[in-house]
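Engineer: First, the structure itself, so that you have it in front of you.
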Amino acid sequence: MGVTYRIDDDRGVLYESWSGDLCEEEIVNFYVQLNESSELKPGLSILIDVRAVETAELSLEGIRSIVSSFETRQRTTGMGRIAMVATKDLLYAYGRMMLALIDGMSQPPETRVVRDLETALAWLDEIPN
């Protein structure tokens, strides 16, 4: 598994790029460590790009843990929108499950799962309602 991330302060977006074989424990640990990072600014939107992922093993409990980390960040620093780009059907389905759980948060950020990067970027750049 591999993840790289960068923050575009001008756009207010945290770009995550995932690749290779994803293991649930590594994904969950990434989000726990990210929440502890001093780099996170209030209100950042997130672009989760999983187009380069080969395989993924993620349980419902793992998805709940990811959403829990988003909820923690929402309470502590606030979040913008979350966009996930997934071209593979399984990863798209994981994204849709994540979206359903995010909708149950006390203050859910706007979230979309899309199939192409251009759509995700355009949506993140729109002014939220």
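Naming scheme: A, B, ... for chains in displayed order of the structure tokens; residues 1 onward per chain; ligands 1 onward as shown.
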Near Ile82 in chain A, counting only C-alpha atoms, which residues have an atom at most 8 Å away, once you skip same-chain residues fewer than 6 positions from it, shown as number ranges by chain?

Structural biologist: A: 45-48, 109-112, 124

Engineer: Using only C-alpha atoms, determine which residues lie at most 12 Å from Asp8 in chain A, disregarding the query and same-chain residues fewer than 2 positions distant; provide the list as a list in words.

Structural biologist: Tyr5, Arg6, Asp10, Arg11, Gly12, Val13, Leu14, Tyr15, Glu16, Glu39, Leu40, Lys41, Leu44, Ser45, Ile46 and Leu47 of chain A

Engineer: Show me, as JSON, numbers by chain, the residues that have an atom within 12 Å of Phe30 in chain A when counting only C-alpha atoms, minus same-chain residues fewer than 3 positions from it.

Structural biologist: {"A": [1, 2, 3, 4, 5, 16, 18, 22, 23, 24, 25, 26, 27, 33, 34, 35, 36, 37, 65, 66, 69, 70]}

Engineer: Select, from A:Asp9, A:Glu126, A:Asp116, A:Glu71, the residue with the minimum atom-to-atom distance to Val50 in chain A, counting only C-alpha atoms.

Structural biologist: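 Using only C-alpha atoms, Val50 in chain A sits closest to A:Asp116.
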
Engineer: Give the answer as one residue: which of A:Ile7, A:Arg73, A:Ala52, A:Val67 has the shortest atom-to-atom distance to Met98 in chain A, using only C-alpha atoms?

Structural biologist: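 Closest to Met98 in chain A of all the choices is A:Val67.
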
Engineer: I'd like to know which residues of range 28-122 of chain A are strand (DSSP E or B) (by DSSP, run on the backbone); could you write them as a PyMOL selection string?

Structural biologist: chain A and resi 45-57+82-85+111-114

Engineer: With N, CA and C atoms retained, could you export that selection as an mmCIF file, in the first residue's frame?

Structural biologist:
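Wrote out.cif, looks like this:
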data_model
loop_
_atom_site.group_PDB
_atom_site.id
_atom_site.type_symbol
_atom_site.label_atom_id
_atom_site.label_comp_id
_atom_site.auth_asym_id
_atom_site.auth_seq_id
_atom_site.Cartn_x
_atom_site.Cartn_y
_atom_site.Cartn_z
ATOM 1 N N SER A 45 -10.767 20.918 2.366
ATOM 2 C CA SER A 45 -11.493 19.871 1.650
ATOM 3 C C SER A 45 -10.517 18.728 1.402
ATOM 4 N N ILE A 46 -11.047 17.560 1.051
ATOM 5 C CA ILE A 46 -10.205 16.385 0.831
ATOM 6 C C ILE A 46 -10.531 15.776 -0.530
ATOM 7 N N LEU A 47 -9.498 15.462 -1.273
ATOM 8 C CA LEU A 47 -9.638 14.692 -2.508
ATOM 9 C C LEU A 47 -8.940 13.361 -2.280
ATOM 10 N N ILE A 48 -9.710 12.287 -2.272
ATOM 11 C CA ILE A 48 -9.177 10.941 -2.073
ATOM 12 C C ILE A 48 -9.140 10.268 -3.444
ATOM 13 N N ASP A 49 -7.942 10.068 -3.974
ATOM 14 C CA ASP A 49 -7.767 9.498 -5.304
ATOM 15 C C ASP A 49 -7.298 8.051 -5.169
ATOM 16 N N VAL A 50 -8.171 7.109 -5.517
ATOM 17 C CA VAL A 50 -7.829 5.686 -5.407
ATOM 18 C C VAL A 50 -7.750 5.013 -6.783
ATOM 19 N N ARG A 51 -7.533 5.791 -7.831
ATOM 20 C CA ARG A 51 -7.478 5.230 -9.189
ATOM 21 C C ARG A 51 -6.324 4.256 -9.382
ATOM 22 N N ALA A 52 -5.234 4.413 -8.634
ATOM 23 C CA ALA A 52 -4.066 3.549 -8.808
ATOM 24 C C ALA A 52 -4.051 2.363 -7.844
ATOM 25 N N VAL A 53 -5.131 2.149 -7.129
ATOM 26 C CA VAL A 53 -5.213 1.023 -6.196
ATOM 27 C C VAL A 53 -5.438 -0.264 -6.990
ATOM 28 N N GLU A 54 -4.659 -1.293 -6.653
ATOM 29 C CA GLU A 54 -4.801 -2.594 -7.317
ATOM 30 C C GLU A 54 -5.838 -3.468 -6.610
ATOM 31 N N THR A 55 -5.668 -3.650 -5.312
ATOM 32 C CA THR A 55 -6.602 -4.454 -4.517
ATOM 33 C C THR A 55 -6.868 -3.727 -3.207
ATOM 34 N N ALA A 56 -7.997 -4.058 -2.602
ATOM 35 C CA ALA A 56 -8.346 -3.437 -1.324
ATOM 36 C C ALA A 56 -9.120 -4.424 -0.474
ATOM 37 N N GLU A 57 -8.759 -4.451 0.797
ATOM 38 C CA GLU A 57 -9.490 -5.244 1.778
ATOM 39 C C GLU A 57 -9.955 -4.294 2.860
ATOM 40 N N ILE A 82 -15.582 16.496 0.822
ATOM 41 C CA ILE A 82 -14.785 15.300 0.576
ATOM 42 C C ILE A 82 -15.189 14.749 -0.785
ATOM 43 N N ALA A 83 -14.207 14.571 -1.672
ATOM 44 C CA ALA A 83 -14.450 13.947 -2.972
ATOM 45 C C ALA A 83 -13.549 12.731 -3.090
ATOM 46 N N MET A 84 -14.123 11.616 -3.527
ATOM 47 C CA MET A 84 -13.348 10.392 -3.753
ATOM 48 C C MET A 84 -13.440 10.046 -5.218
ATOM 49 N N VAL A 85 -12.298 9.748 -5.836
ATOM 50 C CA VAL A 85 -12.242 9.355 -7.241
ATOM 51 C C VAL A 85 -11.908 7.871 -7.296
ATOM 52 N N THR A 111 -20.187 15.365 0.528
ATOM 53 C CA THR A 111 -19.329 14.280 0.056
ATOM 54 C C THR A 111 -19.832 13.757 -1.276
ATOM 55 N N ARG A 112 -18.889 13.443 -2.172
ATOM 56 C CA ARG A 112 -19.221 12.840 -3.462
ATOM 57 C C ARG A 112 -18.215 11.739 -3.778
ATOM 58 N N VAL A 113 -18.693 10.703 -4.447
ATOM 59 C CA VAL A 113 -17.837 9.667 -5.011
ATOM 60 C C VAL A 113 -18.060 9.725 -6.512
ATOM 61 N N VAL A 114 -16.980 9.907 -7.249
ATOM 62 C CA VAL A 114 -17.077 10.070 -8.697
ATOM 63 C C VAL A 114 -16.077 9.150 -9.386
#

Engineer: Enter the distance from CA of Leu101 in chain A to CA of Gly62 in chain A, in Å, rounded to one decimal.

Structural biologist: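 Computing it gives 11.6 Å between the two atoms.
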